[in-house]
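Below: work04.txt (compact mmCIF, C-alpha atoms)
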# COMPACT_ATOMS: atom_id res chain seq x y z
CA MET A 1 5.92 -2.55 12.32
CA LEU A 2 4.07 -0.63 9.60
CA GLU A 3 4.63 3.07 9.12
CA SER A 4 1.76 5.00 7.55
CA LEU A 5 2.30 7.65 4.91
CA SER A 6 -0.50 9.54 3.18
CA LYS A 7 -2.82 6.93 1.68
CA GLY A 8 -0.35 4.06 1.95
CA ALA A 9 2.02 2.30 4.26
CA LEU A 10 5.59 1.10 4.11
CA MET A 11 6.53 -2.34 5.34
CA SER A 12 9.59 -1.44 7.29
CA SER A 13 10.48 -0.63 10.84
CA SER A 14 12.78 2.10 9.61
CA LEU A 15 13.17 4.13 6.46
CA SER A 16 16.91 3.83 6.97
CA ASP A 17 16.60 0.21 5.75
CA ASN A 18 16.82 1.64 2.24
CA PRO A 19 18.10 5.23 2.30
CA THR A 20 17.82 5.57 -1.49
CA ILE A 21 14.01 5.72 -1.30
CA ARG A 22 12.41 8.92 -0.03
CA PRO A 23 9.02 8.24 1.62
CA SER A 24 7.31 10.97 -0.40
CA SER A 25 8.76 9.53 -3.61
CA LEU A 26 7.47 6.03 -2.80
CA VAL A 27 3.99 7.38 -2.06
CA GLU A 28 3.90 9.56 -5.18
CA ASP A 29 5.26 6.78 -7.40
CA GLY A 30 2.91 4.20 -5.85
CA GLU A 31 -0.15 6.38 -6.35
CA ALA A 32 0.87 7.17 -9.94
CA PHE A 33 1.51 3.49 -10.72
CA TYR A 34 -1.87 2.50 -9.29
CA GLU A 35 -3.72 5.18 -11.26
CA SER A 36 -1.96 4.55 -14.57
CA HIS A 37 -1.46 0.76 -14.54
CA LEU A 38 -3.64 -0.96 -11.99
CA LYS A 39 -6.87 0.94 -11.40
CA GLU A 40 -8.75 -0.25 -14.50
CA LYS A 41 -7.25 -3.72 -14.27
CA LEU A 42 -8.00 -4.41 -10.59
CA GLU A 43 -11.12 -2.46 -9.65
CA PRO A 44 -13.73 -4.58 -11.40
CA ALA A 45 -12.69 -7.90 -9.86
CA HIS A 46 -10.69 -7.02 -6.74
CA SER A 47 -12.56 -4.11 -5.15
CA GLY A 48 -11.88 -3.92 -1.42
CA GLU A 49 -8.73 -6.05 -1.54
CA PHE A 50 -5.35 -4.63 -0.55
CA VAL A 51 -2.52 -4.10 -2.99
CA ALA A 52 1.16 -3.66 -2.10
CA ILE A 53 2.97 -1.88 -4.93
CA GLN A 54 6.68 -1.67 -5.69
CA PRO A 55 6.52 1.00 -8.42
CA SER A 56 10.18 1.03 -9.49
CA ALA A 57 10.00 -2.72 -10.22
CA ALA A 58 6.47 -2.43 -11.68
CA ARG A 59 5.27 -5.25 -9.41
CA TYR A 60 2.22 -5.56 -7.19
CA PHE A 61 0.80 -8.08 -4.73
CA LEU A 62 -2.85 -8.56 -3.79
CA GLY A 63 -4.26 -9.78 -0.48
CA GLN A 64 -7.59 -9.98 1.33
CA THR A 65 -5.90 -8.12 4.21
CA ALA A 66 -3.14 -5.53 4.37
CA THR A 67 -0.95 -8.07 6.12
CA ALA A 68 -1.50 -10.70 3.43
CA ALA A 69 -0.59 -8.28 0.65
CA LEU A 70 2.52 -7.05 2.47
CA VAL A 71 3.67 -10.56 3.43
CA ALA A 72 3.36 -11.70 -0.20
CA ALA A 73 5.26 -8.63 -1.34
CA ARG A 74 7.99 -8.97 1.27
CA THR A 75 8.38 -12.70 0.52
CA ALA A 76 8.91 -12.00 -3.18
CA MET A 77 11.03 -8.88 -2.71
CA PRO A 78 12.56 -8.95 0.80
CA GLU A 79 14.80 -5.92 0.33
CA SER A 80 12.08 -3.62 -1.03
CA GLN A 81 9.61 -1.17 0.45
CA PHE A 82 6.02 -1.02 -0.71
CA TYR A 83 3.18 1.42 -1.15
CA LEU A 84 -0.04 -0.05 0.27
CA THR A 85 -3.54 0.92 -0.75
CA ARG A 86 -6.96 -0.64 -1.06
CA VAL A 87 -8.42 -1.38 -4.47
CA GLY A 88 -11.32 0.93 -5.28
CA ARG A 89 -10.89 3.04 -2.13
CA SER A 90 -9.17 6.37 -1.52
CA THR A 91 -7.26 5.02 1.51
CA ALA A 92 -6.04 1.68 2.79
CA HIS A 93 -7.53 2.26 6.27
CA LYS A 94 -9.70 4.81 8.04
CA ILE A 95 -9.55 6.05 11.60
CA GLY A 96 -12.49 7.05 13.75
CA GLY A 97 -16.04 6.00 14.17
CA HIS A 98 -17.67 4.67 17.28
CA GLY A 99 -15.87 6.85 19.83
CA ALA A 100 -17.60 10.00 18.61
CA ARG A 101 -21.08 8.50 18.54
CA VAL A 102 -23.69 10.07 20.80
CA ARG A 103 -25.72 7.49 22.70

Starting from the coordinates I provided, produce the structure as C-alpha cells.
Amino acid sequence: MLESLSKGALMSSSLSDNPTIRPSSLVEDGEAFYESHLKEKLEPAHSGEFVAIQPSAARYFLGQTATAALVAARTAMPESQFYLTRVGRSTAHKIGGHGARVR
C-alpha cells in the first residue's frame, strides 16, 4: 500500500516500519534533494518519469510509472522508505477531473 504525503509518497504500509524517519522529514529532505541534486540532471531527458528518492543515502530510482520507480527502489534498498515525485512536475499524481465536468 502507498501512503501519500504532500507531493510524494512513501512505499510502506506503515510508518512504524522505520520509526527513526519522520514523514515530514522524509518529504522535506526528498524535495530538497530533488531541487539541489536532481532537477537539472533529470528534467531535460526524463521529464514525466517518476523518481523514488532516498535522500539520506543520496540514491534515486527512475521509472516510467510510480510502481516501477518504487519497485526498483525497494529492490535495491528493501529496508528504506522513499520520497516519490514526478520529474518536471510539481506533484507525482493529481486528483480530479472528469467528475466535475458539465455535460

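Residue nearest Ala92 of chain A within the list A:Pro44, A:Phe33, A:Thr65, A:Tyr60: A:Thr65 [criterion: smallest interatomic distance, all atoms listed in the file].
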
(request) Have a look at atom CA of Tyr83 of chain A and atom CA of Leu26 of chain A and let me know their distance in Å, one decimal. (result) 6.5 Å

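With all atoms listed in the file as the atoms that count, the residue of A:Ala52, A:Gly88, A:Ile95, A:Tyr34 with the shortest distance to Ala76 of chain A is A:Ala52.
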
(request) Using atom CA of His93 of chain A and atom CA of Gly63 of chain A as the two end points, give the distance in Å to one decimal. (result) 14.2 Å

Distance query Ala45 of chain A at most 12 Å, all atoms listed in the file, self and fewer than 6 positions along chain excluded, as an mmCIF file with C-alpha atoms, in the coordinates of the input:
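Below is the file that was written, selection_32.cif:
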data_model
loop_
_atom_site.group_PDB
_atom_site.id
_atom_site.type_symbol
_atom_site.label_atom_id
_atom_site.label_comp_id
_atom_site.auth_asym_id
_atom_site.auth_seq_id
_atom_site.Cartn_x
_atom_site.Cartn_y
_atom_site.Cartn_z
ATOM 1 C CA LEU A 38 -3.640 -0.960 -11.990
ATOM 2 C CA LYS A 39 -6.870 0.940 -11.400
ATOM 3 C CA LEU A 62 -2.850 -8.560 -3.790
ATOM 4 C CA VAL A 87 -8.420 -1.380 -4.470
ATOM 5 C CA GLY A 88 -11.320 0.930 -5.280
#

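Distance-wise, atom CA of Ala66 of chain A and atom CA of Gly48 of chain A end up 10.6 Å apart.
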
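Distances to Ser90 of chain A were evaluated for A:Gln64, A:Ser25, A:Gln54, A:Ser47 using only C-alpha atoms, and the minimum falls at A:Ser47.
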
(request) Pick out the residues sitting within 7 Å of Arg86 of chain A, and hand them over as a count of residues only; count only C-alpha atoms, and ignore anything fewer than 3 positions along from it in its own chain. (result) 7
